[in-house]
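Here's the structure, in structure tokens; my notes come after.
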Protein chains: 4
Amino acid sequence: MDESTKTAVIRRLASAAGHIKGIERMVQDDVYCIDIIKQIQAVQAALNKVSTIMLDNHLRTCVTTAIQGSNPAERERMLEEVVSVFAMVEKR
Amino acid sequence: MDESTKTAVIRRLASAAGHIKGIERMVQDDVYCIDIIKQIQAVQAALNKVSTIMLDNHLRTCVTTAIQGSNPAERERMLEEVVSVFAMVEKR
Amino acid sequence: MDESTKTAVIRRLASAAGHIKGIERMVQDDVYCIDIIKQIQAVQAALNKVSTIMLDNHLRTCVTTAIQGSNPAERERMLEEVVSVFAMVEKR
Amino acid sequence: MDESTKTAVIRRLASAAGHIKGIERMVQDDVYCIDIIKQIQAVQAALNKVSTIMLDNHLRTCVTTAIQGSNPAERERMLEEVVSVFAMVEKR
């Protein structure tokens, strides 16, 4: 992953962790349940965005290298892995 | 898509459509709401499986061809498209 | 479920089943994989809407009756069931 | 929310935040993209569990009070809110 993407991903993760610390305080302060659920959904959306960036990077690096490479077993493994991640996200 | 995959996908879709017709009858017959929701979830899972098969096929054909090809713009377009499908599934 | 809601739900389900029959033809006609995946997503969104209508109806009828009723075990059972449906939808 | 539920929720949130800090280190250390995506999925599953606990609590407190109460507008507002949360989770 290039440095600027890495920095951006780490910043997004730090922001998500900070958001969760804020939700802890909301729970402590007895904020209305539904408002807390909405904040958790916002964190989920932020984490989805990180996963998308990671997958984008993965396709452009490892998967591209494997598909352009001369090892059919490695290419097969890579494609199966991407498909299994897709299936995992669908089920979540 | 090879013929056996195509046949399998069409069979899965026909099965999902038949399942939905069955759910229509359940609604008509005043079956318990929660049981109907569970049947709808089962159809959703079956449709997820079809999407996964389609994506698997897409990666092995169009995406592989584009990545092995000599057109960087086409390769870029393909990768962006796969990432956007991933993001769409995450949000659903 | 009142008759107008029932009619609306059955119409939505029939529309989803018809949509799937259209997707079968798309597969048969070798339409581009990504466009097929997008159509499947559209059907899933339509089915989500049906689940939401069913849950809405369930809360206004069975759950309301149980919560206003004098049977704590039945009330407990109803609430657990709604929570389990929520958890199931989250995981999908 | 009773104190034991509140404590459990805060502990789960703190654990999720800690998990994310660990993922930041994984990104920093160039861990394989797919393994990072899997860890993000694990955090999301943990956050889903928190949302489920919050909804469970909400149904047993605010929603039950509104349904047993004498204010139809408040009862209506509560039910619509639960349905909208369900729809939001379906779409995510």
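As shown in the structure tokens, the chain order sets the letters A, B, ...; within each chain, residues go from 1, and ligands are also counted from 1 in the order they appear.
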
Please provide the set of residues having any atom within 10 Å of Arg12 (chain B), restricted to only C-alpha atoms, with same-chain residues fewer than 6 positions apart removed, written as a short mmCIF file (atom, residue, chain, number, x, y, z; two decimals) with N, CA, C and O atoms, in the first residue's frame.
data_model
loop_
_atom_site.label_atom_id
_atom_site.label_comp_id
_atom_site.auth_asym_id
_atom_site.auth_seq_id
_atom_site.Cartn_x
_atom_site.Cartn_y
_atom_site.Cartn_z
N LYS B 6 -24.01 -21.16 -16.47
CA LYS B 6 -25.23 -20.45 -16.87
C LYS B 6 -26.47 -21.25 -16.48
O LYS B 6 -27.43 -20.70 -15.90
N GLY B 18 -39.64 -19.13 -7.63
CA GLY B 18 -40.65 -20.07 -7.12
C GLY B 18 -40.85 -19.91 -5.62
O GLY B 18 -41.98 -19.96 -5.12
N ALA B 46 -30.26 -16.88 -1.00
CA ALA B 46 -30.14 -17.56 -2.29
C ALA B 46 -29.69 -16.58 -3.37
O ALA B 46 -28.86 -16.93 -4.23
N LEU B 47 -30.21 -15.36 -3.32
CA LEU B 47 -29.81 -14.35 -4.32
C LEU B 47 -28.36 -13.91 -4.08
O LEU B 47 -27.62 -13.64 -5.03
N LYS B 49 -26.05 -15.82 -3.13
CA LYS B 49 -25.24 -16.89 -3.73
C LYS B 49 -25.12 -16.68 -5.25
O LYS B 49 -24.04 -16.89 -5.83
N VAL B 50 -26.22 -16.28 -5.89
CA VAL B 50 -26.16 -16.02 -7.33
C VAL B 50 -25.20 -14.87 -7.63
O VAL B 50 -24.37 -14.96 -8.55
N GLU C 24 -33.34 -13.94 -15.19
CA GLU C 24 -33.06 -15.23 -15.86
C GLU C 24 -32.81 -15.02 -17.35
O GLU C 24 -31.87 -15.58 -17.93
#

Quick one: which chain A residues come within 7 Å of chain D, and what is the nearest atom pair for each with the distance in Å to one decimal, counting only C-alpha atoms, rows ordered by chain and ascending number, as a tab-separated table?
residue	atom	partner	partner_atom	distance
A:Lys6	CA	D:Val27	CA	6.8
A:Ile10	CA	D:Glu24	CA	5.5
A:Leu13	CA	D:Glu24	CA	6.3
A:Ala17	CA	D:Ala17	CA	4.8
A:Ile20	CA	D:Ala17	CA	6.1
A:Lys21	CA	D:Ala17	CA	7.0
A:Glu24	CA	D:Ile10	CA	5.5
A:Val27	CA	D:Lys6	CA	6.8
A:Cys33	CA	D:Met54	CA	5.9
A:Ile37	CA	D:Ser51	CA	5.5
A:Ile40	CA	D:Leu47	CA	6.8
A:Gln44	CA	D:Gln44	CA	6.2
A:Leu47	CA	D:Ile40	CA	6.8
A:Ser51	CA	D:Ile37	CA	5.5
A:Met54	CA	D:Cys33	CA	5.9
A:His58	CA	D:Cys33	CA	6.1

LSQ fit chain D -> chain C, C-alpha in sequence order, output as a tab-separated table (two decimals) with C-alpha atoms, in the first residue's frame:
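Final file, out-v8.tsv:
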chain	number	residue	atom	x	y	z
D	1	MET	CA	-52.74	-7.87	8.33
D	2	ASP	CA	-55.46	-5.62	6.89
D	3	GLU	CA	-56.54	-6.34	3.34
D	4	SER	CA	-54.93	-3.29	1.73
D	5	THR	CA	-51.53	-4.10	3.29
D	6	LYS	CA	-51.87	-7.73	2.27
D	7	THR	CA	-52.69	-6.74	-1.31
D	8	ALA	CA	-49.73	-4.34	-1.40
D	9	VAL	CA	-47.34	-7.00	-0.05
D	10	ILE	CA	-48.53	-9.62	-2.54
D	11	ARG	CA	-48.14	-7.11	-5.37
D	12	ARG	CA	-44.58	-6.32	-4.27
D	13	LEU	CA	-43.71	-10.02	-4.06
D	14	ALA	CA	-45.21	-10.69	-7.52
D	15	SER	CA	-43.16	-7.80	-8.87
D	16	ALA	CA	-39.97	-9.22	-7.32
D	17	ALA	CA	-40.68	-12.66	-8.78
D	18	GLY	CA	-41.26	-11.06	-12.19
D	19	HIS	CA	-38.03	-9.12	-11.85
D	20	ILE	CA	-36.17	-12.39	-11.20
D	21	LYS	CA	-37.71	-13.96	-14.32
D	22	GLY	CA	-36.30	-10.99	-16.22
D	23	ILE	CA	-32.86	-11.61	-14.71
D	24	GLU	CA	-33.04	-15.23	-15.86
D	25	ARG	CA	-33.48	-13.94	-19.42
D	26	MET	CA	-30.56	-11.56	-18.95
D	27	VAL	CA	-28.35	-14.50	-17.93
D	28	GLN	CA	-29.64	-16.53	-20.88
D	29	ASP	CA	-28.80	-13.61	-23.19
D	30	ASP	CA	-25.26	-13.20	-21.78
D	31	VAL	CA	-25.86	-9.72	-20.40
D	32	TYR	CA	-22.80	-8.21	-18.69
D	33	CYS	CA	-22.23	-9.82	-15.25
D	34	ILE	CA	-22.09	-6.54	-13.34
D	35	ASP	CA	-25.43	-5.42	-14.76
D	36	ILE	CA	-26.95	-8.69	-13.60
D	37	ILE	CA	-25.50	-8.26	-10.11
D	38	LYS	CA	-27.04	-4.76	-9.99
D	39	GLN	CA	-30.45	-6.14	-10.93
D	40	ILE	CA	-30.15	-8.78	-8.20
D	41	GLN	CA	-29.36	-5.97	-5.73
D	42	ALA	CA	-32.53	-4.18	-6.87
D	43	VAL	CA	-34.62	-7.29	-6.18
D	44	GLN	CA	-33.00	-7.61	-2.75
D	45	ALA	CA	-33.86	-3.99	-1.95
D	46	ALA	CA	-37.48	-4.69	-2.96
D	47	LEU	CA	-37.55	-7.77	-0.69
D	48	ASN	CA	-36.07	-5.71	2.17
D	49	LYS	CA	-39.00	-3.35	1.76
D	50	VAL	CA	-41.43	-6.28	2.08
D	51	SER	CA	-39.68	-7.47	5.26
D	52	THR	CA	-39.95	-3.95	6.68
D	53	ILE	CA	-43.69	-3.83	5.95
D	54	MET	CA	-44.16	-7.25	7.56
D	55	LEU	CA	-42.25	-6.18	10.67
D	56	ASP	CA	-44.21	-2.93	10.88
D	57	ASN	CA	-47.44	-4.93	10.75
D	58	HIS	CA	-46.16	-7.44	13.30
D	59	LEU	CA	-45.24	-4.71	15.80
D	60	ARG	CA	-48.66	-3.08	15.48
D	61	THR	CA	-50.59	-6.32	15.89
D	62	CYS	CA	-49.03	-9.34	17.67
D	63	VAL	CA	-46.36	-7.44	19.59
D	64	THR	CA	-48.72	-4.67	20.72
D	65	THR	CA	-51.30	-7.26	21.83
D	66	ALA	CA	-48.66	-9.20	23.77
D	67	ILE	CA	-47.26	-6.10	25.46
D	68	GLN	CA	-50.73	-4.90	26.43
D	69	GLY	CA	-51.74	-8.41	27.54
D	70	SER	CA	-51.45	-10.03	30.95
D	71	ASN	CA	-49.12	-12.90	30.02
D	72	PRO	CA	-45.48	-11.99	30.82
D	73	ALA	CA	-44.12	-15.18	29.23
D	74	GLU	CA	-45.89	-14.38	25.95
D	75	ARG	CA	-44.63	-10.78	26.05
D	76	GLU	CA	-41.10	-12.04	26.68
D	77	ARG	CA	-41.35	-14.51	23.80
D	78	MET	CA	-42.54	-11.77	21.42
D	79	LEU	CA	-39.74	-9.37	22.34
D	80	GLU	CA	-37.08	-12.05	22.01
D	81	GLU	CA	-38.44	-12.97	18.60
D	82	VAL	CA	-38.28	-9.37	17.34
D	83	VAL	CA	-34.73	-9.04	18.63
D	84	SER	CA	-33.71	-12.29	16.93
D	85	VAL	CA	-35.14	-11.06	13.61
D	86	PHE	CA	-33.18	-7.82	14.01
D	87	ALA	CA	-29.99	-9.82	14.71
D	88	MET	CA	-30.67	-12.04	11.68
D	89	VAL	CA	-31.04	-9.02	9.40
D	90	GLU	CA	-27.85	-7.47	10.76
D	91	LYS	CA	-25.90	-10.62	9.96
D	92	ARG	CA	-27.24	-11.07	6.48
